[in-house]
>>> print(open('structure.cif').read())   # mmCIF, C-alpha atoms
data_start
loop_
_atom_site.label_atom_id
_atom_site.label_comp_id
_atom_site.auth_asym_id
_atom_site.auth_seq_id
_atom_site.Cartn_x
_atom_site.Cartn_y
_atom_site.Cartn_z
CA MET Z 1 -36.96 -1.37 -41.41
CA LYS Z 2 -33.61 -2.91 -40.71
CA MET Z 3 -30.54 -3.54 -42.84
CA VAL Z 4 -27.99 -6.27 -42.39
CA PHE Z 5 -24.64 -5.73 -44.04
CA HIS Z 6 -22.31 -8.53 -45.04
CA TYR Z 7 -18.81 -8.20 -46.40
CA SER Z 8 -17.17 -11.08 -48.22
CA VAL Z 9 -13.40 -11.33 -48.02
CA GLU Z 10 -13.47 -13.83 -50.89
CA ASN Z 11 -14.92 -11.44 -53.46
CA PHE Z 12 -14.31 -8.13 -51.65
CA SER Z 13 -18.01 -7.55 -52.27
CA ASN Z 14 -20.89 -6.38 -50.14
CA THR Z 15 -24.28 -7.96 -49.67
CA TYR Z 16 -27.18 -6.11 -48.06
CA VAL Z 17 -30.36 -7.54 -46.62
CA VAL Z 18 -33.32 -5.26 -45.88
CA GLY Z 19 -36.31 -6.43 -43.90
CA PRO Z 20 -38.78 -5.43 -41.20
CA GLU Z 21 -37.58 -4.91 -37.61
CA GLY Z 22 -39.35 -7.92 -36.19
CA GLY Z 23 -38.53 -10.23 -39.11
CA GLY Z 24 -40.51 -11.22 -42.19
CA ASP Z 25 -40.22 -10.81 -45.94
CA ALA Z 26 -36.88 -9.34 -46.88
CA LEU Z 27 -34.95 -8.30 -49.93
CA LEU Z 28 -31.31 -9.07 -50.58
CA VAL Z 29 -29.00 -7.01 -52.77
CA ASP Z 30 -26.16 -8.78 -54.60
CA PRO Z 31 -25.69 -12.35 -53.36
CA GLY Z 32 -21.93 -12.32 -53.99
CA VAL Z 33 -21.62 -15.11 -51.49
CA LEU Z 34 -23.96 -16.95 -49.18
CA ASP Z 35 -21.83 -18.21 -46.35
CA VAL Z 36 -22.64 -19.32 -42.82
CA ARG Z 37 -22.12 -15.84 -41.42
CA LEU Z 38 -24.66 -14.27 -43.79
CA LEU Z 39 -27.10 -17.12 -43.30
CA GLU Z 40 -26.86 -16.72 -39.53
CA ALA Z 41 -27.46 -12.98 -39.87
CA ILE Z 42 -30.55 -13.60 -42.00
CA GLU Z 43 -31.95 -16.28 -39.74
CA SER Z 44 -31.21 -14.50 -36.46
CA ASN Z 45 -33.31 -11.58 -37.76
CA SER Z 46 -36.09 -13.98 -38.83
CA PHE Z 47 -35.86 -12.73 -42.40
CA ASP Z 48 -37.35 -14.69 -45.27
CA ILE Z 49 -35.60 -13.67 -48.48
CA ARG Z 50 -38.37 -13.04 -50.99
CA TRP Z 51 -36.62 -10.77 -53.47
CA VAL Z 52 -33.07 -10.63 -54.82
CA LEU Z 53 -31.87 -7.46 -56.53
CA ILE Z 54 -28.78 -7.73 -58.70
CA THR Z 55 -26.84 -4.57 -59.48
CA ARG Z 56 -24.58 -6.24 -62.04
CA CYS Z 57 -24.42 -9.77 -63.42
CA GLN Z 58 -20.76 -10.32 -62.55
CA PRO Z 59 -19.54 -13.29 -60.47
CA ASP Z 60 -18.71 -11.16 -57.43
CA HIS Z 61 -22.34 -10.01 -57.32
CA VAL Z 62 -24.12 -13.30 -58.03
CA ARG Z 63 -21.84 -16.16 -56.96
CA GLY Z 64 -24.01 -16.98 -53.95
CA LEU Z 65 -27.21 -17.20 -55.97
CA ARG Z 66 -27.23 -20.98 -56.39
CA THR Z 67 -26.92 -21.57 -52.65
CA LEU Z 68 -29.45 -18.87 -51.89
CA LYS Z 69 -32.02 -20.40 -54.24
CA LYS Z 70 -31.64 -23.75 -52.49
CA VAL Z 71 -32.59 -22.13 -49.19
CA TYR Z 72 -35.08 -19.42 -50.19
CA ASP Z 73 -37.73 -19.21 -52.88
CA ALA Z 74 -36.82 -15.73 -53.98
CA GLU Z 75 -37.74 -13.76 -57.05
CA ILE Z 76 -34.71 -12.34 -58.86
CA PHE Z 77 -34.50 -8.92 -60.50
CA SER Z 78 -31.73 -7.91 -62.88
CA ARG Z 79 -30.94 -6.37 -66.26
CA GLN Z 80 -30.66 -9.85 -67.76
CA SER Z 81 -33.51 -12.28 -68.23
CA SER Z 82 -31.42 -15.11 -66.83
CA VAL Z 83 -28.55 -15.26 -64.34
CA LEU Z 84 -26.66 -18.51 -63.66
CA GLY Z 85 -29.58 -20.35 -65.25
CA PHE Z 86 -32.19 -18.76 -63.00
CA GLU Z 87 -34.99 -16.83 -64.62
CA CYS Z 88 -35.06 -13.15 -63.67
CA GLN Z 89 -37.57 -10.35 -63.80
CA LEU Z 90 -36.13 -7.89 -66.27
CA VAL Z 91 -35.56 -4.46 -64.75
CA LYS Z 92 -36.37 -1.60 -67.07
CA PRO Z 93 -34.64 1.77 -66.77
CA GLY Z 94 -36.51 4.45 -64.89
CA THR Z 95 -39.19 2.12 -63.53
CA HIS Z 96 -39.96 1.11 -59.99
CA LEU Z 97 -40.67 -2.19 -58.28
CA GLN Z 98 -43.23 -2.66 -55.54
CA LEU Z 99 -41.78 -5.35 -53.29
CA GLY Z 100 -44.22 -5.80 -50.43
CA PRO Z 101 -44.23 -2.47 -48.60
CA HIS Z 102 -41.08 -1.26 -50.36
CA ARG Z 103 -41.03 0.94 -53.41
CA VAL Z 104 -37.70 0.45 -55.17
CA ASP Z 105 -36.68 2.84 -57.94
CA CYS Z 106 -34.48 1.33 -60.64
CA LEU Z 107 -31.96 3.33 -62.61
CA CYS Z 108 -29.69 1.94 -65.28
CA TYR Z 109 -26.21 3.14 -66.16
CA PRO Z 110 -25.11 1.63 -69.48
CA GLU Z 111 -22.11 3.97 -69.33
CA LEU Z 112 -20.58 1.53 -66.84
CA SER Z 113 -21.97 -1.69 -68.31
CA HIS Z 114 -25.12 -2.83 -70.10
CA ASP Z 115 -26.32 -4.70 -67.00
CA THR Z 116 -25.71 -2.09 -64.30
CA VAL Z 117 -28.73 -1.19 -62.19
CA VAL Z 118 -28.88 1.13 -59.20
CA TYR Z 119 -31.70 0.56 -56.72
CA LYS Z 120 -33.06 3.34 -54.55
CA LEU Z 121 -35.11 2.42 -51.53
CA HIS Z 122 -36.27 5.35 -49.35
CA ASN Z 123 -33.04 7.27 -48.77
CA TRP Z 124 -30.79 4.28 -49.34
CA VAL Z 125 -29.06 3.78 -52.67
CA PHE Z 126 -27.58 0.41 -53.60
CA CYS Z 127 -25.25 1.46 -56.36
CA GLY Z 128 -23.26 -1.72 -57.05
CA ASP Z 129 -20.14 -0.93 -59.05
CA LEU Z 130 -21.27 2.50 -60.21
CA ILE Z 131 -19.17 4.16 -57.54
CA SER Z 132 -17.41 3.08 -54.40
CA ALA Z 133 -16.57 5.50 -51.60
CA GLY Z 134 -14.32 8.15 -53.09
CA LYS Z 135 -13.95 6.59 -56.52
CA PRO Z 136 -15.99 6.07 -59.69
CA GLY Z 137 -16.61 2.58 -61.03
CA LYS Z 138 -13.80 0.84 -62.87
CA THR Z 139 -13.79 1.38 -66.62
CA SER Z 140 -11.63 0.00 -69.38
CA SER Z 141 -10.52 3.20 -71.12
CA GLY Z 142 -10.20 6.95 -70.76
CA TYR Z 143 -13.21 7.43 -73.02
CA ALA Z 144 -15.36 5.13 -70.89
CA ARG Z 145 -14.15 6.93 -67.76
CA ALA Z 146 -15.14 10.32 -69.18
CA ASN Z 147 -18.47 8.91 -70.30
CA LEU Z 148 -19.18 7.52 -66.84
CA ALA Z 149 -18.14 10.78 -65.16
CA GLN Z 150 -20.64 12.60 -67.37
CA ALA Z 151 -23.40 10.12 -66.53
CA LEU Z 152 -22.67 10.45 -62.82
CA GLU Z 153 -22.79 14.20 -63.14
CA ARG Z 154 -26.12 14.23 -64.95
CA ARG Z 155 -27.97 11.37 -63.38
CA PHE Z 156 -26.43 10.51 -60.01
CA PHE Z 157 -24.90 13.52 -58.31
CA THR Z 158 -28.12 15.44 -59.00
CA TRP Z 159 -29.93 13.52 -56.26
CA GLN Z 160 -30.46 14.97 -52.83
CA ASP Z 161 -27.52 15.12 -50.45
CA ASP Z 162 -29.00 13.12 -47.60
CA LEU Z 163 -28.97 9.80 -49.45
CA LEU Z 164 -26.92 7.00 -47.95
CA VAL Z 165 -24.95 5.14 -50.59
CA PHE Z 166 -24.16 1.45 -50.24
CA PRO Z 167 -21.67 0.34 -52.90
CA GLY Z 168 -20.98 -3.17 -54.07
CA GLU Z 169 -17.43 -2.82 -52.85
CA GLY Z 170 -15.91 -0.83 -50.01
CA PRO Z 171 -17.42 1.07 -47.10
CA PRO Z 172 -20.75 2.92 -47.20
CA THR Z 173 -20.81 6.62 -47.91
CA THR Z 174 -23.22 9.52 -48.44
CA LEU Z 175 -24.16 11.28 -51.61
CA ARG Z 176 -23.07 14.57 -50.13
CA SER Z 177 -19.54 13.38 -49.44
CA GLU Z 178 -19.31 11.82 -52.90
CA LYS Z 179 -20.37 15.09 -54.47
CA LEU Z 180 -17.60 16.80 -52.57
CA PHE Z 181 -14.79 14.30 -52.69
CA ASN Z 182 -15.31 11.61 -55.32
CA LEU Z 183 -12.31 11.35 -57.63
CA ALA Z 184 -14.65 11.30 -60.66
CA ARG Z 185 -15.48 14.91 -59.91
CA ARG Z 186 -12.00 15.90 -58.86
CA SER Z 187 -10.35 14.59 -62.02
CA ALA Z 188 -12.93 16.43 -64.12
CA GLY Z 189 -12.50 19.59 -62.02
CA LEU Z 190 -16.13 19.40 -60.99
CA GLU Z 191 -16.00 19.55 -57.22
CA VAL Z 192 -19.15 21.30 -56.13
CA GLN Z 193 -19.25 24.11 -53.68
CA ASP Z 194 -20.84 22.73 -50.59
CA GLN Z 195 -24.19 24.48 -50.38
CA GLN Z 196 -24.68 23.63 -46.75
CA GLY Z 197 -21.32 24.85 -45.50
CA PRO Z 198 -19.14 22.78 -43.21
CA LEU Z 199 -20.64 20.00 -41.20
CA GLU Z 200 -21.74 21.30 -37.86
CA ILE Z 201 -20.76 19.15 -34.95
CA PRO Z 202 -22.90 19.87 -31.91
CA GLU Z 203 -20.94 20.78 -28.84
CA GLU Z 204 -21.15 18.25 -26.08
CA GLU Z 205 -23.06 19.39 -23.08
CA ALA Z 206 -21.16 19.48 -19.83
CA PRO Z 207 -22.10 16.58 -17.57
CA MET U 1 -8.79 15.00 -36.60
CA GLU U 2 -5.86 15.91 -34.40
CA ASP U 3 -3.81 14.25 -31.69
CA CYS U 4 -5.77 11.01 -31.68
CA ASP U 5 -4.48 7.61 -30.73
CA TRP U 6 -6.04 4.45 -32.12
CA THR U 7 -4.47 1.48 -30.41
CA GLY U 8 -5.53 -2.12 -30.94
CA SER U 9 -8.50 -0.90 -32.95
CA ASP U 10 -10.64 -2.81 -35.40
CA LEU U 11 -10.98 -0.30 -38.25
CA LEU U 12 -11.40 -2.53 -41.25
CA HIS U 13 -13.56 -1.30 -44.13
CA VAL U 14 -13.84 2.21 -42.69
CA ASN U 15 -14.43 5.33 -44.76
CA PHE U 16 -11.86 8.01 -43.85
CA ASN U 17 -12.08 9.71 -47.26
CA ALA U 18 -11.18 13.42 -47.34
CA LEU U 19 -9.90 13.23 -43.78
CA GLU U 20 -7.68 16.05 -42.60
CA ALA U 21 -5.49 14.48 -39.96
CA SER U 22 -2.45 15.63 -38.10
CA ARG U 23 -0.45 13.93 -35.35
CA ILE U 24 -2.56 10.77 -35.42
CA LYS U 25 -1.22 7.43 -34.31
CA PHE U 26 -2.64 4.09 -35.37
CA SER U 27 -0.89 1.24 -33.61
CA GLU U 28 -1.50 -2.52 -33.63
CA SER U 29 -4.72 -1.84 -35.51
CA ASP U 30 -6.46 -3.56 -38.39
CA LEU U 31 -7.29 -1.14 -41.21
CA TYR U 32 -7.88 -3.76 -43.88
CA PHE U 33 -9.53 -2.27 -47.00
CA THR U 34 -10.03 1.11 -45.29
CA ARG U 35 -10.03 4.26 -47.40
CA PHE U 36 -8.13 7.51 -47.08
CA ILE U 37 -8.96 8.77 -50.59
CA GLY U 38 -8.29 12.49 -51.07
CA SER U 39 -7.01 12.89 -47.52
CA ARG U 40 -4.35 15.10 -45.94
CA LEU U 41 -2.27 13.09 -43.53
CA ASP U 42 0.32 15.12 -41.67
CA GLN U 43 2.61 13.39 -39.17
CA VAL U 44 0.47 10.28 -39.08
CA ALA U 45 1.97 7.05 -37.80
CA PHE U 46 0.79 3.56 -38.70
CA ILE U 47 2.81 1.32 -36.38
CA ASP U 48 2.45 -2.43 -36.65
CA CYS U 49 -0.86 -2.11 -38.50
CA ASN U 50 -2.54 -4.18 -41.15
CA LEU U 51 -2.89 -1.78 -44.10
CA LYS U 52 -3.61 -4.41 -46.70
CA LYS U 53 -5.65 -2.98 -49.60
CA VAL U 54 -5.83 0.43 -47.93
CA GLN U 55 -6.39 3.19 -50.47
CA PHE U 56 -4.43 6.43 -50.30
CA THR U 57 -5.43 7.49 -53.82
CA GLY U 58 -5.32 11.26 -54.37
CA SER U 59 -3.95 11.90 -50.89
CA TRP U 60 -1.29 14.22 -49.54
CA LEU U 61 1.02 12.52 -47.08
CA ASN U 62 3.61 14.35 -45.02
CA GLU U 63 5.94 12.62 -42.54
CA VAL U 64 3.84 9.47 -42.48
CA ASN U 65 5.35 6.50 -40.71
CA PHE U 66 4.52 2.94 -41.77
CA LYS U 67 6.83 1.12 -39.37
CA TYR U 68 6.24 -2.65 -39.09
CA SER U 69 3.01 -2.31 -41.06
CA ASN U 70 1.78 -4.55 -43.82
CA TYR U 71 0.78 -2.37 -46.79
CA GLU U 72 0.52 -5.17 -49.32
CA GLU U 73 -1.82 -4.19 -52.18
CA ALA U 74 -2.30 -0.73 -50.69
CA GLU U 75 -3.01 1.85 -53.37
CA PHE U 76 -0.73 4.85 -53.75
CA ASP U 77 -1.49 6.15 -57.24
CA PRO U 78 0.50 8.84 -59.04
CA VAL U 79 -1.71 11.50 -57.52
CA THR U 80 -0.61 10.53 -54.04
CA GLU U 81 1.93 13.04 -52.86
CA VAL U 82 4.34 11.69 -50.27
CA ARG U 83 6.80 13.97 -48.54
CA GLU U 84 9.67 12.45 -46.65
#
>>> encode(input="structure.cif", output="structure tokens")
Amino acid sequence: MKMVFHYSVENFSNTYVVGPEGGGDALLVDPGVLDVRLLEAIESNSFDIRWVLITRCQPDHVRGLRTLKKVYDAEIFSRQSSVLGFECQLVKPGTHLQLGPHRVDCLCYPELSHDTVVYKLHNWVFCGDLISAGKPGKTSSGYARANLAQALERRFFTWQDDLLVFPGEGPPTTLRSEKLFNLARRSAGLEVQDQQGPLEIPEEEAP
Amino acid sequence: MEDCDWTGSDLLHVNFNALEASRIKFSESDLYFTRFIGSRLDQVAFIDCNLKKVQFTGSWLNEVNFKYSNYEEAEFDPVTEVRE
């Protein structure tokens, strides 16, 4: 399995494409933009986009959908039944999707917004706006922030440490480092004690 | 990270969160949208760098030099502690 990462400087949003090593049916997370660079990356890997997963129905996550649908006949999954006029498969909280060989777990976080979905595929988590590296998702009030911090604490930071987290904005991160350093935990005084101790860096062998 | 020199480096969109750095020099480098959230930066120099949208939220900065750097839209929130 291979992942292609695309960063749009127009939306400051990330798009991820996951497909088999030698090419074939692929899934795309958040078509914030479909520009030449992303199209080249998809085509050079011989991917055929069959499934589109939307983490949030905001323009910076879906703006490229119209172009994408002109090129690929992809099935769309989101928390809304329709996005930009395209019919979607409605994602239900706590369910999973079987997309070809991939099992994708779907988790919803209404504490951020009614249409937020987090997709977990193997040990990769596509979390959209739920968090970005070091920070919780943006909320409109102190109450919403506290509510989100509680949801993260109960239903996100409880996952295993070795998960790789791919946010909708900003660089990738790991669940372990978010547990230790995310400002959502720091502001609530909830930094966890690192169970594994400091990261061990293997000593380089002498040539 | 200590005594490192990043010259002419392409470091955009990099995750340096919770970094403990002292005597680091970034020069003529692109750090667009890179993150230093919750970091400790001691005697770090950003010389002639692109620091647009770089996030220093919740960081502790001591003797940090931003000479000739573009830090437009960089985030230094009230938690950021900067010592001259």
>>> resolve_selection(input="structure.cif", expression="the PyMOL selection byres ((chain Z and resi 13-16) around 8)", output="short mmCIF file (atom, residue, chain, number, x, y, z; two decimals) with C-alpha atoms, in the frame of the given file")
data_model
loop_
_atom_site.label_atom_id
_atom_site.label_comp_id
_atom_site.auth_asym_id
_atom_site.auth_seq_id
_atom_site.Cartn_x
_atom_site.Cartn_y
_atom_site.Cartn_z
CA MET Z 3 -30.54 -3.54 -42.84
CA VAL Z 4 -27.99 -6.27 -42.39
CA PHE Z 5 -24.64 -5.73 -44.04
CA HIS Z 6 -22.31 -8.53 -45.04
CA TYR Z 7 -18.81 -8.20 -46.40
CA SER Z 8 -17.17 -11.08 -48.22
CA VAL Z 9 -13.40 -11.33 -48.02
CA GLU Z 10 -13.47 -13.83 -50.89
CA ASN Z 11 -14.92 -11.44 -53.46
CA PHE Z 12 -14.31 -8.13 -51.65
CA VAL Z 17 -30.36 -7.54 -46.62
CA VAL Z 18 -33.32 -5.26 -45.88
CA LEU Z 28 -31.31 -9.07 -50.58
CA VAL Z 29 -29.00 -7.01 -52.77
CA ASP Z 30 -26.16 -8.78 -54.60
CA PRO Z 31 -25.69 -12.35 -53.36
CA GLY Z 32 -21.93 -12.32 -53.99
CA VAL Z 33 -21.62 -15.11 -51.49
CA ASP Z 60 -18.71 -11.16 -57.43
CA HIS Z 61 -22.34 -10.01 -57.32
CA PRO Z 167 -21.67 0.34 -52.90
CA GLY Z 168 -20.98 -3.17 -54.07
CA GLU Z 169 -17.43 -2.82 -52.85
CA GLY Z 170 -15.91 -0.83 -50.01
#
>>> closest_atom_pairs(input="structure.cif", of="chain U", to="chain Z", cutoff="6 Å", atoms="all atoms listed in the file", output="CSV")
residue,atom,partner,partner_atom,distance
U:His13,CA,Z:Pro171,CA,5.4
U:Val14,CA,Z:Pro171,CA,5.8
U:Asn15,CA,Z:Pro171,CA,5.7
U:Ile37,CA,Z:Gly134,CA,5.9
>>> residues_near_point(input="structure.cif", point="(-31.3, -2.7, -59.0)", cutoff="9 Å", atoms="all atoms listed in the file", output="list in words")
Val29, Leu53, Ile54, Thr55, Arg56, Phe77, Ser78, Arg79, Val91, Val104, Asp105, Cys106, Leu107, Cys108, Thr116, Val117, Val118, Tyr119, Lys120, Phe126, Cys127 and Gly128 of chain Z
>>> resolve_selection(input="structure.cif", expression="the PyMOL selection byres ((chain U and resi 52-66) around 7)", output="VMD selection string")
chain U and resid 32 to 47 50 to 51 67 to 77 79 to 84
>>> write_last_selection(input="structure.cif", atoms="C-alpha atoms", output="JSON list (two decimals), in the coordinates of the input")
[["chain", "number", "residue", "atom", "x", "y", "z"],
["U", 32, "TYR", "CA", -7.88, -3.76, -43.88],
["U", 33, "PHE", "CA", -9.53, -2.27, -47.00],
["U", 34, "THR", "CA", -10.03, 1.11, -45.29],
["U", 35, "ARG", "CA", -10.03, 4.26, -47.40],
["U", 36, "PHE", "CA", -8.13, 7.51, -47.08],
["U", 37, "ILE", "CA", -8.96, 8.77, -50.59],
["U", 38, "GLY", "CA", -8.29, 12.49, -51.07],
["U", 39, "SER", "CA", -7.01, 12.89, -47.52],
["U", 40, "ARG", "CA", -4.35, 15.10, -45.94],
["U", 41, "LEU", "CA", -2.27, 13.09, -43.53],
["U", 42, "ASP", "CA", 0.32, 15.12, -41.67],
["U", 43, "GLN", "CA", 2.61, 13.39, -39.17],
["U", 44, "VAL", "CA", 0.47, 10.28, -39.08],
["U", 45, "ALA", "CA", 1.97, 7.05, -37.80],
["U", 46, "PHE", "CA", 0.79, 3.56, -38.70],
["U", 47, "ILE", "CA", 2.81, 1.32, -36.38],
["U", 50, "ASN", "CA", -2.54, -4.18, -41.15],
["U", 51, "LEU", "CA", -2.89, -1.78, -44.10],
["U", 67, "LYS", "CA", 6.83, 1.12, -39.37],
["U", 68, "TYR", "CA", 6.24, -2.65, -39.09],
["U", 69, "SER", "CA", 3.01, -2.31, -41.06],
["U", 70, "ASN", "CA", 1.78, -4.55, -43.82],
["U", 71, "TYR", "CA", 0.78, -2.37, -46.79],
["U", 72, "GLU", "CA", 0.52, -5.17, -49.32],
["U", 73, "GLU", "CA", -1.82, -4.19, -52.18],
["U", 74, "ALA", "CA", -2.30, -0.73, -50.69],
["U", 75, "GLU", "CA", -3.01, 1.85, -53.37],
["U", 76, "PHE", "CA", -0.73, 4.85, -53.75],
["U", 77, "ASP", "CA", -1.49, 6.15, -57.24],
["U", 79, "VAL", "CA", -1.71, 11.50, -57.52],
["U", 80, "THR", "CA", -0.61, 10.53, -54.04],
["U", 81, "GLU", "CA", 1.93, 13.04, -52.86],
["U", 82, "VAL", "CA", 4.34, 11.69, -50.27],
["U", 83, "ARG", "CA", 6.80, 13.97, -48.54],
["U", 84, "GLU", "CA", 9.67, 12.45, -46.65]]
>>> atom_distance(input="structure.cif", atom1="CA of Cys88 (chain Z)", atom2="CA of Leu65 (chain Z)")
11.7 Å
>>> residues_around(input="structure.cif", residues="Gly8 (chain U)", least_positions_apart="3", cutoff="8 Å", atoms="all atoms listed in the file", output="ChimeraX atom specification")
/U:27-30
>>> residues_around(input="structure.cif", residues="region 139-141 of chain Z", least_positions_apart="3", cutoff="12 Å", atoms="only C-alpha atoms", output="PDB file with C-alpha atoms, in the frame of the given file")
ATOM      1  CA  PRO Z 110     -25.110   1.630 -69.480  1.00  0.00           C
ATOM      2  CA  GLU Z 111     -22.110   3.970 -69.330  1.00  0.00           C
ATOM      3  CA  LEU Z 112     -20.580   1.530 -66.840  1.00  0.00           C
ATOM      4  CA  SER Z 113     -21.970  -1.690 -68.310  1.00  0.00           C
ATOM      5  CA  ASP Z 129     -20.140  -0.930 -59.050  1.00  0.00           C
ATOM      6  CA  LEU Z 130     -21.270   2.500 -60.210  1.00  0.00           C
ATOM      7  CA  ILE Z 131     -19.170   4.160 -57.540  1.00  0.00           C
ATOM      8  CA  LYS Z 135     -13.950   6.590 -56.520  1.00  0.00           C
ATOM      9  CA  PRO Z 136     -15.990   6.070 -59.690  1.00  0.00           C
ATOM     10  CA  ALA Z 144     -15.360   5.130 -70.890  1.00  0.00           C
ATOM     11  CA  ARG Z 145     -14.150   6.930 -67.760  1.00  0.00           C
ATOM     12  CA  ALA Z 146     -15.140  10.320 -69.180  1.00  0.00           C
ATOM     13  CA  ASN Z 147     -18.470   8.910 -70.300  1.00  0.00           C
ATOM     14  CA  LEU Z 148     -19.180   7.520 -66.840  1.00  0.00           C
ATOM     15  CA  ALA Z 149     -18.140  10.780 -65.160  1.00  0.00           C
ATOM     16  CA  ALA Z 184     -14.650  11.300 -60.660  1.00  0.00           C
TER      17      ALA Z 184
END
>>> decode(input="structure.cif", residues="region 88-99 of chain Z", atoms="N, CA, C and O atoms", output="JSON list (two decimals), in the first residue's frame")
[["chain", "number", "residue", "atom", "x", "y", "z"],
["Z", 88, "CYS", "N", -23.84, 11.43, -2.02],
["Z", 88, "CYS", "CA", -22.81, 10.78, -1.20],
["Z", 88, "CYS", "C", -23.40, 9.60, -0.45],
["Z", 88, "CYS", "O", -24.59, 9.58, -0.13],
["Z", 89, "GLN", "N", -22.54, 8.66, -0.14],
["Z", 89, "GLN", "CA", -22.90, 7.59, 0.80],
["Z", 89, "GLN", "C", -22.76, 8.17, 2.20],
["Z", 89, "GLN", "O", -21.71, 8.70, 2.54],
["Z", 90, "LEU", "N", -23.83, 8.07, 2.96],
["Z", 90, "LEU", "CA", -23.82, 8.67, 4.29],
["Z", 90, "LEU", "C", -23.02, 7.80, 5.26],
["Z", 90, "LEU", "O", -23.28, 6.60, 5.38],
["Z", 91, "VAL", "N", -22.04, 8.42, 5.90],
["Z", 91, "VAL", "CA", -21.21, 7.70, 6.86],
["Z", 91, "VAL", "C", -21.89, 7.76, 8.23],
["Z", 91, "VAL", "O", -22.27, 8.83, 8.69],
["Z", 92, "LYS", "N", -22.02, 6.59, 8.83],
["Z", 92, "LYS", "CA", -22.64, 6.56, 10.16],
["Z", 92, "LYS", "C", -21.56, 6.38, 11.22],
["Z", 92, "LYS", "O", -20.58, 5.66, 11.00],
["Z", 93, "PRO", "N", -21.77, 7.02, 12.37],
["Z", 93, "PRO", "CA", -20.73, 6.96, 13.41],
["Z", 93, "PRO", "C", -20.48, 5.53, 13.88],
["Z", 93, "PRO", "O", -21.43, 4.75, 14.06],
["Z", 94, "GLY", "N", -19.22, 5.23, 14.08],
["Z", 94, "GLY", "CA", -18.85, 3.93, 14.64],
["Z", 94, "GLY", "C", -18.97, 2.76, 13.69],
["Z", 94, "GLY", "O", -18.85, 1.61, 14.10],
["Z", 95, "THR", "N", -19.19, 3.03, 12.41],
["Z", 95, "THR", "CA", -19.28, 1.93, 11.44],
["Z", 95, "THR", "C", -17.96, 1.80, 10.69],
["Z", 95, "THR", "O", -17.02, 2.57, 10.92],
["Z", 96, "HIS", "N", -17.90, 0.82, 9.80],
["Z", 96, "HIS", "CA", -16.73, 0.74, 8.95],
["Z", 96, "HIS", "C", -17.13, 0.54, 7.50],
["Z", 96, "HIS", "O", -18.24, 0.06, 7.21],
["Z", 97, "LEU", "N", -16.25, 0.93, 6.61],
["Z", 97, "LEU", "CA", -16.48, 0.78, 5.18],
["Z", 97, "LEU", "C", -15.51, -0.27, 4.67],
["Z", 97, "LEU", "O", -14.36, -0.32, 5.09],
["Z", 98, "GLN", "N", -15.97, -1.09, 3.76],
["Z", 98, "GLN", "CA", -15.06, -2.04, 3.11],
["Z", 98, "GLN", "C", -14.84, -1.53, 1.69],
["Z", 98, "GLN", "O", -15.72, -1.65, 0.83],
["Z", 99, "LEU", "N", -13.71, -0.93, 1.44],
["Z", 99, "LEU", "CA", -13.42, -0.35, 0.14],
["Z", 99, "LEU", "C", -12.36, -1.21, -0.53],
["Z", 99, "LEU", "O", -11.16, -1.05, -0.27]]
